[in-house]
Amino acid sequence: MENHDNSSNTEQPSHKNKNTEKGFLIANVVVRVLQSLFVFAVVAVLFAGSLGLGIGLGYFAYLVEGTQPPSKEELQKEISDITEVSNMTYADGTNIATIKSDLIRTRVSSDQISPLLKKAIISTEDEYFEEHKGVVPKAVIRALVSDATGIGGSSGGSTLTQQLVKQQILTSETTFKRKANEILLAYRIEKFISKDDIVTTYLNVSPFGRNNKGENVAGVEEAAKGLFGKNAIDLSLPQAAFIAGLPQSPIVYTPYTNTGDLKEDISAGLERKDFVLFSMYREKAITKEEYEAAKNYDLTQDFQPRQEANTNTEGFLYYTVLDEAVKVIMDKNIAKAGVDRKQLDTIGLSQYEEQARREIQNRGYTIQSTIDQNIYNSMQTAVANFGYMLDTSYSAAPVETGNILMDNKTGRIVGFVAGRNYGYSQNNHAFNTKRQIGSTIKPISVFAPAIDQGMIGSESRLANYPTKYSTGQELKNATNLGTNTFDTVRTTLEWSYNIPTYHLNEAIKQQMGDENFVYNNYLSKMNYPENIAWAVESAPLGSIETTVYTQTNGFQTLANNGTYQQGYMIQKIVDKAGNVIYEHTEKPVQVYSPATASIMNDLLRSVLNSKITTPFKDVVGSLNPQLASADWVGKTGTSDEFKDSWLVVSTPTMTLSSWSGYDENFAMTDTNGIQSGTYLAYLANAIHNANPEIFGIGQKFTLSDDVIKSTVSSFTGEKPGTFKYNGSSGTAPGPNTVSLYAKGSAPASQYKFGYGGTDANYAAYWNKYFSSGNGSSYTKPSSDDNKEKAPPSSGSSESNASESKTNE
């Protein structure tokens with residue numbers, strides 16, 4: 001029995017064995033599944049990698065498409081061209097100045113740089129420098145992933161070669177196209193230039209913060225001298241490590257402020273030095289003992305004490321010509337890159353600007369300006385001697401001024417005054433300062449367009465009755481709420497009346513439509529800013545801000561038969577080999593018809609000859625009768641509370657502008673119109689004495705042959721004759737006069753003959769000049785009624801007829 005039982009027990013497996021076998025089976029299946037998944041994952045990764053690589057290479061090819069690989073000689077020039085001095089000249093080639101770099105730099109050869117410094121920069125900035133061919137692919141991928149995902153912070157990715165490309169050839173804008181071109185150029189540099197030349201050039205061109213004079217320095221030689229009073233070859237290990245740490249963030253790590261004083265806290269630079277030393281130790285460039293000794297060394301005792309920087313004697317002329325040259329090269333580089341300027345943001349524009357400035361400072365260019373040396377000097381002497389005429393007793397601060405002399409035919413800027421004293425204020429009041437333009441905008445934005453559209457002639461009439469803006473605010477002339485009549489166009493300009501100008505401007509907007517009025521109007525063709533504020537009701541009275549330069553160019557257009565020639569100061573830029581890399585070319589734009597421009601000049605001649613708003617002609621006559629005989633035309637302008645005073649005048653050859661006001665935008669006095677006219681007369685006389693031919697004495701503004709001379713009733717400004725109104729007949733009374741039209745001719749007289757005015761205004765106007773009853777006989781108005789030629793108040797100066805603006 002027992003044997004039987006034992007036999008039976010051995011033939012059947014236990015429950016525990018069954019579970020074990022089942023476990024092994026499951027494990028085997030899991031392993032096989034995991035193996036399959038792993039194989040699949042590997043295949044998928046390889047496939048994705050291949051696909052990604054293919055796509056990446058294709059995208060890279062797309063990005064660099066059209067990029068012409070530079071030759072060996074071109075690369076060497078671009079990379080090493082860092083010390084050529086550029087110059088600027090007057091129009092006749094006489095030297096103005098040598099262009100200074102913002103960075104103090106002294107170039108040194110490889111054997112003049114400490115090997116410790118080379119090891120430090122390589123260990124810190126590019127640990128694979130000796131192995132790579134210009135680019136480390138995995139570092140680039142890591143940087144791109146970081147940029148795309150935002151994960152991992154700023155991971156870098158640029159080799160020393162790439163950094164050299166970025167500094168010397170490309171801009172710093174962070175676009176994939178720029179990065180792709182950077183990679184392409186880095187590979188090409190490594191093909192033609194040795195490793196030692198690359199690191200030497202990098203150490204010569206890189207910025208290294210400030211020296212003990214507060215100056216920005218570039219290159220290790222100036223860094224060594226400015227920080228430690230040594231040459232670059234003589235640096236100790238801790239000194240070399242400190243300098244090698246600076247390029248990553250020069251201003252943060254530099255020990256000096258912009259005055260040359262030691263910062264209160266220089267821990268950031270010292271910590272960076274320690275990081276450099278550790279990188280050198282990690283890369284086996286130094287031993288552990290050297291690392292410990294350099295780390296523990298008190299480097300603060302080596303920093304040089306503060307020294308006085310060289311005094312900068314450059315002034316308005318230097319910086320204005322330089323800024324204009326930078327704009328020229330900047331535009332040239334943007335066009336060369338095939339970039340749409342309008343698509344660049346502020347950062348992108350600033351990077352192209354910095355690239356252009358660096359190019360000018362380092363390429364050995366000769367920049368020929370349009371400035372006439374004698375005339376420019378005469379203008380500076382005049383503002384020094386007569387600028388006080390603009391001052392008031394309200395403030396101890398000087399009233400500033402900006403003046404530009406521009407050639408009408410070409411837009412060439414012959415001379416300028418940017419301010420009273422560069423040492424007192426560095427604001428460039430001629431080219432950069434934007435101020436309200438007052439009534440000087442009226443001829444350009446209102447009257448010339450209306451004449452050009454055939455809406456008015458020179459003797460058309462405009463309502464000058466009390467008027468309110470759509471907001472309900474009262475609209476004023478300089479000293480009254482209206483003359484209670486319909487004034488002629490000529491009278492409106494002579495007195496610079498606001499109310500008639502407002503009515504005419506509203507009529508123009510209605511005819512052109514708001515969008516065309518703002519974005520496609522006459523002003524846009526002359527590079528005035530496309531600003532929706534031009535549609536504001538107060539805009540034609542001068543509430544918009546712009547520069548003296550822009551406003552001068554507007555009057556140049558009128559004086560040049562309606563043709564705009566953009567003002568320019570850079571005639572030509574030549575490289576050190578004599579090749580012309582830029583030369584100004586004229587791009588004339590016909591803004592107004594010649595007929596319109598000639599009519600406007602006829603009207604603006606009346607403004608100066610009437611002497612109502614400025615004594616300019618009288619003062620010129622007292623100074624120089626010959627100069628007074630020139631055919632002067634022009635327009636005045638003031639802003640609210642007399643904060644800005646303008647006068648722009650032209651002869652057939654030149655346009656001369658003047659703005660004056662406080663930098664702080666304080667109010668001036670109500671006599672500033674007289675002061676501005678007097679000052680500008682003295683300035684014009686000084687220019688004439690420097691060159692008696694400049695203002696074209698003997699030449700005259702004449703009416704264009706296609707100007708239409710219409711005989712009109714002086715009462716309506718329209719053709720004489722009868723008309724019907726409300727079933728009654730009337731006759732436009734005489735005497736007749738001639739009204740000048742650029743398009744069409746004067747319309748037939750009608751009861752409502754002008755722009756602006758209410759029914760009550762027309763009734764009052766007609767009733768004043770017609771006897772009651774027949775409605776057809778003319779009665780000469782009494783002196784009390786004749787407001788057309790009477791001044792708003794006594795006196796003949798702009799102080800009594802100034803152009804105060806009510807701005808919205």
# chains A, B, ... in the order shown; residues from 1 in each chain; ligands from 1
call {"tool": "closest_atom_pairs", "arguments": {"of": "range 312-374 of chain A", "to": "range 96-116 of chain A", "cutoff": "12 Å", "atoms": "only C-alpha atoms", "output": "Markdown table"}}
result
| residue | atom | partner | partner_atom | distance |
| --- | --- | --- | --- | --- |
| A:Asn312 | CA | A:Lys100 | CA | 10.0 |
| A:Thr313 | CA | A:Ala97 | CA | 10.6 |
| A:Glu314 | CA | A:Ala97 | CA | 8.5 |
| A:Gly315 | CA | A:Ala97 | CA | 10.6 |
| A:Phe316 | CA | A:Ile96 | CA | 11.6 |
| A:Leu317 | CA | A:Ile96 | CA | 8.4 |
| A:Tyr318 | CA | A:Ala97 | CA | 7.1 |
| A:Tyr319 | CA | A:Ile99 | CA | 9.5 |
| A:Thr320 | CA | A:Ile96 | CA | 11.8 |
| A:Val321 | CA | A:Ile96 | CA | 9.6 |
| A:Leu322 | CA | A:Ile99 | CA | 7.9 |
| A:Asp323 | CA | A:Ile99 | CA | 11.3 |
| A:Ala325 | CA | A:Ile99 | CA | 11.1 |
| A:Val326 | CA | A:Ile99 | CA | 11.8 |
| A:Glu354 | CA | A:Asp102 | CA | 10.8 |
| A:Arg357 | CA | A:Ser101 | CA | 8.7 |
| A:Arg358 | CA | A:Ser101 | CA | 7.7 |
| A:Glu359 | CA | A:Ser101 | CA | 10.1 |
| A:Ile360 | CA | A:Ile99 | CA | 8.0 |
| A:Gln361 | CA | A:Ser101 | CA | 5.4 |
| A:Asn362 | CA | A:Ser101 | CA | 7.6 |
| A:Arg363 | CA | A:Ile99 | CA | 10.6 |
| A:Gly364 | CA | A:Ile99 | CA | 9.3 |
| A:Tyr365 | CA | A:Ile99 | CA | 9.3 |
| A:Thr366 | CA | A:Thr98 | CA | 9.3 |
| A:Ile367 | CA | A:Ile99 | CA | 9.7 |
| A:Gln368 | CA | A:Ile96 | CA | 9.4 |
| A:Ser369 | CA | A:Ile96 | CA | 9.3 |
| A:Thr370 | CA | A:Ile96 | CA | 11.7 |
| A:Ile371 | CA | A:Ile96 | CA | 9.9 |
| A:Asp372 | CA | A:Ile96 | CA | 11.0 |
| A:Gln373 | CA | A:Ile96 | CA | 8.9 |
call {"tool": "closest_residue", "arguments": {"among": "A:Leu462, A:Leu683, A:Val580, A:Leu227", "to": "Tyr765 in chain A", "atoms": "only C-alpha atoms"}}
result
A:Leu462
call {"tool": "select_by_dssp", "arguments": {"residues": "range 222-274 of chain A", "states": "helix (DSSP H, G or I)", "output": "number ranges by chain"}}
result
A: 222-228, 232-234, 237-245, 250-253, 267-274
call {"tool": "atom_distance", "arguments": {"atom1": "CA of Asn464 in chain A", "atom2": "CA of Asp487 in chain A"}}
result
6.5 Å
call {"tool": "atom_distance", "arguments": {"atom1": "CA of Val591 in chain A", "atom2": "CA of Thr557 in chain A"}}
result
7.6 Å
call {"tool": "atom_distance", "arguments": {"atom1": "CA of Leu299 in chain A", "atom2": "CA of Lys119 in chain A"}}
result
19.2 Å
call {"tool": "residues_around", "arguments": {"residues": "range 731-737 of chain A", "least_positions_apart": "4", "cutoff": "7 Å", "atoms": "only C-alpha atoms", "output": "list in words"}}
result
Thr711, Val712, Ser713, Ser714, Phe715, Thr716, Pro720, Gly721, Thr722, Phe723, Ser749, Ser776 and Tyr778 of chain A
call {"tool": "write_last_selection", "arguments": {"atoms": "N, CA and C atoms", "output": "PDB file, in the first residue's frame"}}
result
ATOM      1  N   THR A 711     -10.003 135.316 -63.869  1.00  0.00           N
ATOM      2  CA  THR A 711     -10.559 136.568 -63.374  1.00  0.00           C
ATOM      3  C   THR A 711     -11.740 136.253 -62.467  1.00  0.00           C
ATOM      4  N   VAL A 712     -11.674 136.776 -61.261  1.00  0.00           N
ATOM      5  CA  VAL A 712     -12.706 136.466 -60.272  1.00  0.00           C
ATOM      6  C   VAL A 712     -13.187 137.741 -59.588  1.00  0.00           C
ATOM      7  N   SER A 713     -14.353 137.607 -59.008  1.00  0.00           N
ATOM      8  CA  SER A 713     -14.871 138.687 -58.162  1.00  0.00           C
ATOM      9  C   SER A 713     -14.078 138.678 -56.860  1.00  0.00           C
ATOM     10  N   SER A 714     -13.586 139.839 -56.466  1.00  0.00           N
ATOM     11  CA  SER A 714     -12.841 139.906 -55.207  1.00  0.00           C
ATOM     12  C   SER A 714     -13.749 139.638 -54.018  1.00  0.00           C
ATOM     13  N   PHE A 715     -15.058 139.678 -54.239  1.00  0.00           N
ATOM     14  CA  PHE A 715     -16.021 139.467 -53.163  1.00  0.00           C
ATOM     15  C   PHE A 715     -16.230 137.977 -52.883  1.00  0.00           C
ATOM     16  N   THR A 716     -16.296 137.160 -53.943  1.00  0.00           N
ATOM     17  CA  THR A 716     -16.553 135.725 -53.779  1.00  0.00           C
ATOM     18  C   THR A 716     -15.323 134.856 -54.048  1.00  0.00           C
ATOM     19  N   PRO A 720     -16.960 136.354 -61.937  1.00  0.00           N
ATOM     20  CA  PRO A 720     -18.044 137.346 -61.868  1.00  0.00           C
ATOM     21  C   PRO A 720     -19.260 136.841 -62.628  1.00  0.00           C
ATOM     22  N   GLY A 721     -20.410 137.303 -62.237  1.00  0.00           N
ATOM     23  CA  GLY A 721     -21.625 136.916 -62.948  1.00  0.00           C
ATOM     24  C   GLY A 721     -22.795 136.787 -61.999  1.00  0.00           C
ATOM     25  N   THR A 722     -23.958 136.470 -62.595  1.00  0.00           N
ATOM     26  CA  THR A 722     -25.176 136.336 -61.790  1.00  0.00           C
ATOM     27  C   THR A 722     -25.371 134.890 -61.365  1.00  0.00           C
ATOM     28  N   PHE A 723     -26.154 134.737 -60.350  1.00  0.00           N
ATOM     29  CA  PHE A 723     -26.462 133.406 -59.843  1.00  0.00           C
ATOM     30  C   PHE A 723     -27.833 133.458 -59.195  1.00  0.00           C
ATOM     31  N   SER A 749     -19.672 132.069 -59.902  1.00  0.00           N
ATOM     32  CA  SER A 749     -20.062 132.541 -58.581  1.00  0.00           C
ATOM     33  C   SER A 749     -21.379 131.923 -58.141  1.00  0.00           C
ATOM     34  N   SER A 776     -28.686 143.537 -55.801  1.00  0.00           N
ATOM     35  CA  SER A 776     -27.784 143.480 -56.933  1.00  0.00           C
ATOM     36  C   SER A 776     -26.809 144.651 -56.983  1.00  0.00           C
ATOM     37  N   TYR A 778     -23.833 147.096 -55.406  1.00  0.00           N
ATOM     38  CA  TYR A 778     -22.681 146.929 -54.523  1.00  0.00           C
ATOM     39  C   TYR A 778     -22.508 148.168 -53.682  1.00  0.00           C
TER      40      TYR A 778
END
call {"tool": "select_by_dssp", "arguments": {"residues": "range 199-290 of chain A", "states": "strand (DSSP E or B)", "output": "list in words"}}
result
Pro207, Phe208, Gly209, Arg210, Asn216, Val217, Ala218, Tyr256 and Leu262 of chain A
call {"tool": "residues_around", "arguments": {"residues": "Ile121 in chain A", "least_positions_apart": "5", "cutoff": "10 Å", "atoms": "only C-alpha atoms", "output": "PyMOL selection string"}}
result
chain A and resi 116+126-127+160+199+202-203+240-241+243-247+276+279-280
call {"tool": "closest_residue", "arguments": {"among": "A:Tyr469, A:Phe192, A:Tyr769, A:Tyr762", "to": "Ser538 in chain A", "atoms": "only C-alpha atoms"}}
result
A:Tyr469
call {"tool": "residues_around", "arguments": {"residues": "Val399 in chain A", "least_positions_apart": "2", "cutoff": "10 Å", "atoms": "only C-alpha atoms", "output": "PyMOL selection string"}}
result
chain A and resi 387-392+395-397+401+419-420+660-666+668
call {"tool": "closest_residue", "arguments": {"among": "A:Leu117, A:Ala293, A:Ala186, A:Ala628", "to": "Gly134 in chain A", "atoms": "only C-alpha atoms"}}
result
A:Ala186
call {"tool": "residues_around", "arguments": {"residues": "Tyr679 in chain A", "least_positions_apart": "3", "cutoff": "12 Å", "atoms": "only C-alpha atoms", "output": "MDAnalysis selection string"}}
result
chainID A and resid 379 382:391 399:403 614:617 619:620 623 645:647 657:660 672:676 682:686
call {"tool": "write_last_selection", "arguments": {"atoms": "N, CA and C atoms", "output": "short mmCIF file (atom, residue, chain, number, x, y, z; two decimals), in the first residue's frame"}}
result
data_model
loop_
_atom_site.label_atom_id
_atom_site.label_comp_id
_atom_site.auth_asym_id
_atom_site.auth_seq_id
_atom_site.Cartn_x
_atom_site.Cartn_y
_atom_site.Cartn_z
N MET A 379 28.18 129.33 -40.03
CA MET A 379 26.94 129.08 -39.28
C MET A 379 27.24 128.86 -37.80
N ALA A 382 27.97 132.22 -36.32
CA ALA A 382 26.74 133.02 -36.20
C ALA A 382 25.93 132.59 -34.98
N VAL A 383 25.78 131.29 -34.76
CA VAL A 383 24.98 130.86 -33.61
C VAL A 383 25.69 131.20 -32.31
N ALA A 384 27.02 131.17 -32.32
CA ALA A 384 27.77 131.55 -31.12
C ALA A 384 27.62 133.04 -30.82
N ASN A 385 27.58 133.87 -31.89
CA ASN A 385 27.51 135.32 -31.71
C ASN A 385 26.10 135.85 -31.53
N PHE A 386 25.13 135.20 -32.19
CA PHE A 386 23.78 135.77 -32.22
C PHE A 386 22.70 134.87 -31.63
N GLY A 387 23.10 133.68 -31.16
CA GLY A 387 22.12 132.79 -30.55
C GLY A 387 21.43 133.40 -29.35
N TYR A 388 22.10 134.32 -28.68
CA TYR A 388 21.51 134.97 -27.50
C TYR A 388 20.23 135.70 -27.85
N MET A 389 20.04 136.07 -29.12
CA MET A 389 18.84 136.79 -29.54
C MET A 389 17.58 135.95 -29.30
N LEU A 390 17.73 134.65 -29.16
CA LEU A 390 16.59 133.77 -28.95
C LEU A 390 16.21 133.65 -27.48
N ASP A 391 17.10 134.03 -26.58
CA ASP A 391 16.89 133.81 -25.16
C ASP A 391 15.79 134.69 -24.58
N VAL A 399 17.79 129.19 -24.90
CA VAL A 399 16.83 128.71 -25.90
C VAL A 399 17.64 128.04 -27.00
N GLU A 400 17.36 126.78 -27.27
CA GLU A 400 18.11 126.02 -28.26
C GLU A 400 17.59 126.30 -29.67
N THR A 401 18.39 125.92 -30.65
CA THR A 401 17.98 126.12 -32.04
C THR A 401 18.51 124.99 -32.91
N GLY A 402 17.82 124.75 -34.00
CA GLY A 402 18.26 123.81 -35.03
C GLY A 402 18.05 124.46 -36.38
N ASN A 403 19.08 124.44 -37.24
CA ASN A 403 19.02 125.08 -38.56
C ASN A 403 19.65 124.17 -39.60
N THR A 614 6.56 138.01 -39.24
CA THR A 614 8.00 137.96 -39.01
C THR A 614 8.67 139.21 -39.58
N PRO A 615 9.68 139.72 -38.89
CA PRO A 615 10.43 140.86 -39.40
C PRO A 615 11.64 140.46 -40.24
N PHE A 616 11.68 139.21 -40.68
CA PHE A 616 12.85 138.69 -41.37
C PHE A 616 13.33 139.60 -42.50
N LYS A 617 12.43 140.01 -43.39
CA LYS A 617 12.85 140.81 -44.55
C LYS A 617 13.41 142.16 -44.11
N VAL A 619 14.91 142.90 -41.25
CA VAL A 619 16.22 142.74 -40.62
C VAL A 619 17.28 142.42 -41.65
N VAL A 620 16.97 141.55 -42.61
CA VAL A 620 17.92 141.25 -43.69
C VAL A 620 18.28 142.53 -44.44
N LEU A 623 20.72 144.61 -42.58
CA LEU A 623 22.05 144.02 -42.53
C LEU A 623 22.76 144.04 -43.88
N SER A 645 9.11 127.82 -31.83
CA SER A 645 9.05 128.89 -32.82
C SER A 645 9.77 128.45 -34.08
N TRP A 646 9.10 128.58 -35.23
CA TRP A 646 9.64 128.11 -36.50
C TRP A 646 9.66 129.24 -37.53
N LEU A 647 10.62 129.18 -38.41
CA LEU A 647 10.64 130.00 -39.61
C LEU A 647 11.45 129.24 -40.66
N SER A 657 16.23 126.75 -42.69
CA SER A 657 15.19 126.53 -41.67
C SER A 657 15.67 126.95 -40.29
N SER A 658 14.70 127.23 -39.43
CA SER A 658 15.02 127.56 -38.06
C SER A 658 13.91 127.09 -37.13
N TRP A 659 14.30 126.32 -36.12
CA TRP A 659 13.43 126.01 -34.97
C TRP A 659 14.12 126.52 -33.72
N SER A 660 13.35 127.02 -32.77
CA SER A 660 13.92 127.38 -31.49
C SER A 660 12.96 127.03 -30.37
N ASN A 672 8.71 135.69 -29.34
CA ASN A 672 9.73 134.81 -29.89
C ASN A 672 9.70 134.74 -31.40
N GLY A 673 8.53 135.06 -32.00
CA GLY A 673 8.48 135.10 -33.46
C GLY A 673 9.38 136.19 -34.01
N ILE A 674 9.42 137.33 -33.33
CA ILE A 674 10.31 138.41 -33.73
C ILE A 674 11.76 137.97 -33.54
N GLN A 675 12.04 137.33 -32.41
CA GLN A 675 13.40 136.89 -32.11
C GLN A 675 13.89 135.86 -33.12
N SER A 676 13.03 134.92 -33.50
CA SER A 676 13.41 133.89 -34.47
C SER A 676 13.72 134.50 -35.82
N TYR A 682 20.29 137.17 -39.29
CA TYR A 682 21.72 137.23 -39.02
C TYR A 682 22.43 135.97 -39.51
N LEU A 683 21.79 134.82 -39.35
CA LEU A 683 22.38 133.57 -39.82
C LEU A 683 22.49 133.57 -41.34
N ALA A 684 21.44 134.00 -42.02
CA ALA A 684 21.46 134.07 -43.49
C ALA A 684 22.56 135.01 -43.97
N ASN A 685 22.73 136.13 -43.28
CA ASN A 685 23.76 137.09 -43.67
C ASN A 685 25.16 136.50 -43.51
N ALA A 686 25.36 135.73 -42.43
CA ALA A 686 26.66 135.08 -42.22
C ALA A 686 26.95 134.08 -43.34
#
call {"tool": "closest_residue", "arguments": {"among": "A:Lys719, A:Lys468, A:Lys724, A:Arg435", "to": "Gly542 in chain A", "atoms": "only C-alpha atoms"}}
result
A:Arg435
